[in-house]
Amino acid sequence: MNLSERIDRAAAASECEKVMSLHCLYHAGGIHREEIEEFWTKREDCKWSHNFGQMNNKKNYIECYADEQEASAVDIYEQLEPIYPEVKKVKDRRALIEVAMHLLASPVLEVAKDGQSAKGLWYTPGCIFSTLNPQKAKEGMWMWERYGADFILEDGKWVYLNLKVCCDMAGIMDAENWPFVEAPEEPPSEEDDSSKADSSQVAVGVPGPLHYMLSGTQIPQERPYIPQPYRTFEETYSYATLTGIYEEKGK
Amino acid sequence: MTKQVLTDDARIRRVWDVLEIKNLMGRHAYYHAYDMHAEELAELWVQKPGNQKTASFGQNWGYQVGINIIRKNYVDLNIKWHQEDLNELCDADPTLENCPENLGIGCMLMHALSTPYIEIAGDGQTAQGMWYSPGQVTFVYPDKVNALWMYEKYAVDFIKEDDEWKIWHLFVGTDFALEAGEDMTKQPVSDTSVDDKAPEGMEITIPIQAYTSRYNWSAYPAIPRPYETFSETISNGPDGPPKLKKGGEDE
């Protein structure tokens with residue numbers, strides 16, 4: 001590899017790290033639609049996965065990650081406004097849902113030899129909190145996850161092709177044995193809106209589980225896979241690969 | 001910002017700039033933890049008189065502007081607080097020596113930096129960075145130990161002086177402070193005083209609510225965007241918050 005190629009790879013790794021951090025910063029504020037528009041691929045075959053399943057194309061991703069979330073923002077605003085009228089001054093109601101603060105640590109970044117794709121793996125020791133919420137009580141949870149990201153170079157810009165989130169632990173912040181403490185159930189709203197909630201749920205294209213939370217019987221799960229040096233995206237694994245129940249079915 | 005083809009030299013310069021800025025902020029974190037505040041101002045912050053005049057340290061409760069006021073709070077007031085705490089500890093335990101070496105005894109502050117997002121200006125003279133910081137602060141008093149989890153967002157403007165990056169505007173927005181073992185749901189919703197009120201004795205040049213988690217996610221400081229020169233971006237100094245702009249908005 002010559003010096004110019006090394007510089008390419010160093011610059012690519014730096015840009016991919018920025019894309020990953022930008023995702024976290026946007027996600028914290030619920031800025032999901034802009035995230036898809038600004039730093040996801042233009043391709044329709046992108047995929048976003050979590051324990052609960054996979055949004056298996058751009059349309060499904062927009063429905064679940066942007067449309068549904070914006071509907072949820074309206075719903076939460078309507079519950080909050082009678083309790084805290086000052087929320088009227090918050091311009092972007094998505095900010096009122098919660099703050100999902102997923103921090104990035106322990107990066108592994110591999111840029112393909114052909115310089116057209118890259119893969120990244122992170123731990124994310126995060127938390128989710130809210131001050132104002134319909135429960136009328138502050139809420140704080142810790143959440144430890146892992147991120148596996150496929151990036152591609154598109155029109156000279158690094159963007160996501162696939163993102164895989166594996167959630168291992170979630171529980172009440174600083175509670176004793178917090179990964180095993182169940183979060184308190186949200187109180188039902190004054191109106192019975194269970195049918196509305198059901199009808200607003202958009203299904204992910206591929207239902208999970210694709211990864212399992214920690215339990216007393218859960219063996220360690222080696223995913224997202226650790227990036228290895230590679231030449232082209234076609235010759236490596238993709239973070240769109242279905243895991244969990246799909247791996248088990250294949251055995 | 002127009003997209004231009006960069007030479008190898010320019011590309012590696014920008015990658016290196018990002019590394020240098022990460023190191024600079026890493027040093028800030030350790031200098032702060034080691035109580036080396038005077039050294040931090042002398043080595044890591046701006047030194048040119050024009051930049052020192054506009055240097056700022058912003059927190060939830062407003063801005064300290066100018067290096068002299070920052071020094072008064074960050075160095076002198078910090079020593080005063082440590083001395084008061086040491087006096088109390090020495091009164092309670094006569095075996096403890098009341099000497100400068102014992103200032104800060106029993107205290108530990110760790111503001112870790114994660115999720116780095118750094119934009120170098122097109123002209124290479126300034127940069128903006130944002131980090132999430134999972135931290136802990138622990139203080140010892142004669143009758144108790146006060147240990148807090150503290151989660152914050154850092155937003156920083158950097159400027160190059162004689163080819164070296166320096167901290168110009170530092171903004172630290174505290175999202176929450178939670179006593180170890182405390183149940184966050186028991187914190188009154190109305191009480192963000194730990195995070196939103198300036199400590200007693202601190203001199204604030206511009207006292208405003210520059211940041212709060214009262215409404216969950218705060219839109220300021222702004223997530224950095226690519227920019228050409230500093231005049232075209234949103235400052236992390238006192239010129240930045242929407243509230244301080246002419247005809248300023250509330251949120």
# chains A, B, ... in the order shown; residues from 1 in each chain; ligands from 1
$ interface_residues --of "chain B" --to "chain A" --cutoff "7 Å" --atoms "only C-alpha atoms" --output "ChimeraX atom specification"
/B:8,11-12,15,114-117,132,180-181,184-185,187,189,213-217,251
$ residues_around --residues "Ile70 of chain B" --least-positions-apart "6" --cutoff "9 Å" --atoms "only C-alpha atoms" --output "JSON list (two decimals) with N, CA and C atoms, in the first residue's frame"
[["chain", "number", "residue", "atom", "x", "y", "z"],
["B", 41, "LEU", "N", -5.04, 26.26, 31.75],
["B", 41, "LEU", "CA", -5.25, 27.56, 31.10],
["B", 41, "LEU", "C", -3.98, 28.04, 30.40],
["B", 55, "ALA", "N", -12.37, 34.32, 24.87],
["B", 55, "ALA", "CA", -12.46, 32.94, 25.36],
["B", 55, "ALA", "C", -13.67, 32.83, 26.29],
["B", 56, "SER", "N", -14.29, 31.66, 26.28],
["B", 56, "SER", "CA", -15.47, 31.53, 27.16],
["B", 56, "SER", "C", -15.60, 30.11, 27.70],
["B", 57, "PHE", "N", -16.24, 30.03, 28.84],
["B", 57, "PHE", "CA", -16.55, 28.76, 29.48],
["B", 57, "PHE", "C", -18.05, 28.79, 29.79],
["B", 64, "GLN", "N", -18.94, 32.39, 31.35],
["B", 64, "GLN", "CA", -17.82, 33.20, 31.82],
["B", 64, "GLN", "C", -17.07, 33.62, 30.56],
["B", 203, "GLU", "N", -18.38, 33.76, 39.39],
["B", 203, "GLU", "CA", -18.71, 34.99, 38.66],
["B", 203, "GLU", "C", -19.11, 34.61, 37.23]]
$ select_by_dssp --residues "segment 31-227 of chain A" --states "strand (DSSP E)" --output "PyMOL selection string"
chain A and resi 47-50+53-55+99-101+105-111+117-130+139-154+157-172+206-207
$ write_last_selection --atoms "C-alpha atoms" --output "PDB file, in the first residue's frame"
ATOM      1  CA  LYS A  47     -30.859  -2.544   6.661  1.00  0.00           C
ATOM      2  CA  TRP A  48     -31.170  -1.584  10.337  1.00  0.00           C
ATOM      3  CA  SER A  49     -31.334  -4.359  12.882  1.00  0.00           C
ATOM      4  CA  HIS A  50     -31.947  -4.631  16.588  1.00  0.00           C
ATOM      5  CA  GLY A  53     -35.834  -7.606  14.221  1.00  0.00           C
ATOM      6  CA  GLN A  54     -34.652  -6.017  11.039  1.00  0.00           C
ATOM      7  CA  MET A  55     -35.970  -3.101   9.013  1.00  0.00           C
ATOM      8  CA  VAL A  99     -32.940  11.465  25.486  1.00  0.00           C
ATOM      9  CA  ALA A 100     -31.400   8.275  24.142  1.00  0.00           C
ATOM     10  CA  MET A 101     -27.768   8.882  24.947  1.00  0.00           C
ATOM     11  CA  ALA A 105     -16.411   3.399  23.073  1.00  0.00           C
ATOM     12  CA  SER A 106     -13.852   0.778  22.021  1.00  0.00           C
ATOM     13  CA  PRO A 107     -13.958   1.267  18.230  1.00  0.00           C
ATOM     14  CA  VAL A 108     -12.641  -1.271  15.727  1.00  0.00           C
ATOM     15  CA  LEU A 109     -12.561   0.170  12.203  1.00  0.00           C
ATOM     16  CA  GLU A 110     -11.519  -1.620   9.036  1.00  0.00           C
ATOM     17  CA  VAL A 111     -11.461   0.097   5.654  1.00  0.00           C
ATOM     18  CA  SER A 117     -16.464   0.312   2.043  1.00  0.00           C
ATOM     19  CA  ALA A 118     -15.609   0.108   5.725  1.00  0.00           C
ATOM     20  CA  LYS A 119     -16.803  -1.745   8.800  1.00  0.00           C
ATOM     21  CA  GLY A 120     -16.959  -0.569  12.374  1.00  0.00           C
ATOM     22  CA  LEU A 121     -17.693  -2.125  15.730  1.00  0.00           C
ATOM     23  CA  TRP A 122     -18.340  -0.236  18.965  1.00  0.00           C
ATOM     24  CA  TYR A 123     -19.488  -0.797  22.503  1.00  0.00           C
ATOM     25  CA  THR A 124     -22.087   1.673  23.578  1.00  0.00           C
ATOM     26  CA  PRO A 125     -22.464   2.117  27.323  1.00  0.00           C
ATOM     27  CA  GLY A 126     -25.487   4.359  27.176  1.00  0.00           C
ATOM     28  CA  CYS A 127     -28.423   5.678  29.066  1.00  0.00           C
ATOM     29  CA  ILE A 128     -31.934   6.823  28.355  1.00  0.00           C
ATOM     30  CA  PHE A 129     -33.484   9.510  30.476  1.00  0.00           C
ATOM     31  CA  SER A 130     -36.289  12.011  30.560  1.00  0.00           C
ATOM     32  CA  GLU A 139     -36.877   8.344  34.247  1.00  0.00           C
ATOM     33  CA  GLY A 140     -33.377   6.952  33.892  1.00  0.00           C
ATOM     34  CA  MET A 141     -32.143   3.684  32.464  1.00  0.00           C
ATOM     35  CA  TRP A 142     -28.748   2.327  31.640  1.00  0.00           C
ATOM     36  CA  MET A 143     -28.383   0.436  28.410  1.00  0.00           C
ATOM     37  CA  TRP A 144     -25.326  -1.424  27.164  1.00  0.00           C
ATOM     38  CA  GLU A 145     -25.276  -2.331  23.504  1.00  0.00           C
ATOM     39  CA  ARG A 146     -22.923  -3.092  20.630  1.00  0.00           C
ATOM     40  CA  TYR A 147     -22.990  -1.464  17.222  1.00  0.00           C
ATOM     41  CA  GLY A 148     -21.847  -3.071  13.986  1.00  0.00           C
ATOM     42  CA  ALA A 149     -21.887  -0.732  10.989  1.00  0.00           C
ATOM     43  CA  ASP A 150     -21.277  -1.207   7.279  1.00  0.00           C
ATOM     44  CA  PHE A 151     -20.256   2.025   5.589  1.00  0.00           C
ATOM     45  CA  ILE A 152     -19.923   2.660   1.869  1.00  0.00           C
ATOM     46  CA  LEU A 153     -18.381   5.479  -0.116  1.00  0.00           C
ATOM     47  CA  GLU A 154     -21.181   7.044  -2.141  1.00  0.00           C
ATOM     48  CA  LYS A 157     -19.165  10.685   0.970  1.00  0.00           C
ATOM     49  CA  TRP A 158     -19.121   7.973   3.640  1.00  0.00           C
ATOM     50  CA  VAL A 159     -22.628   6.807   4.542  1.00  0.00           C
ATOM     51  CA  TYR A 160     -24.293   3.882   6.278  1.00  0.00           C
ATOM     52  CA  LEU A 161     -25.344   0.839   4.316  1.00  0.00           C
ATOM     53  CA  ASN A 162     -26.303  -1.306   7.329  1.00  0.00           C
ATOM     54  CA  LEU A 163     -26.408  -0.831  11.060  1.00  0.00           C
ATOM     55  CA  LYS A 164     -26.802  -3.671  13.533  1.00  0.00           C
ATOM     56  CA  VAL A 165     -27.553  -2.963  17.181  1.00  0.00           C
ATOM     57  CA  CYS A 166     -27.188  -5.737  19.736  1.00  0.00           C
ATOM     58  CA  CYS A 167     -28.630  -4.825  23.108  1.00  0.00           C
ATOM     59  CA  ASP A 168     -27.205  -6.822  26.001  1.00  0.00           C
ATOM     60  CA  MET A 169     -28.431  -5.115  29.139  1.00  0.00           C
ATOM     61  CA  ALA A 170     -30.963  -2.487  30.113  1.00  0.00           C
ATOM     62  CA  GLY A 171     -32.259  -1.555  33.524  1.00  0.00           C
ATOM     63  CA  ILE A 172     -32.905   1.136  36.062  1.00  0.00           C
ATOM     64  CA  VAL A 206     -37.970  -9.366   9.505  1.00  0.00           C
ATOM     65  CA  PRO A 207     -39.085 -10.083  13.070  1.00  0.00           C
TER      66      PRO A 207
END
$ residues_around --residues "Met150 of chain B" --least-positions-apart "3" --cutoff "6 Å" --atoms "only C-alpha atoms" --output "MDAnalysis selection string"
chainID B and resid 135:136 176:177
$ write_last_selection --atoms "C-alpha atoms" --output "mmCIF file, in the first residue's frame"
data_model
loop_
_atom_site.group_PDB
_atom_site.id
_atom_site.type_symbol
_atom_site.label_atom_id
_atom_site.label_comp_id
_atom_site.auth_asym_id
_atom_site.auth_seq_id
_atom_site.Cartn_x
_atom_site.Cartn_y
_atom_site.Cartn_z
ATOM 1 C CA GLY B 135 -18.604 11.003 34.380
ATOM 2 C CA GLN B 136 -18.440 10.720 38.122
ATOM 3 C CA PHE B 176 -28.146 15.051 34.944
ATOM 4 C CA ALA B 177 -26.380 14.363 38.184
#
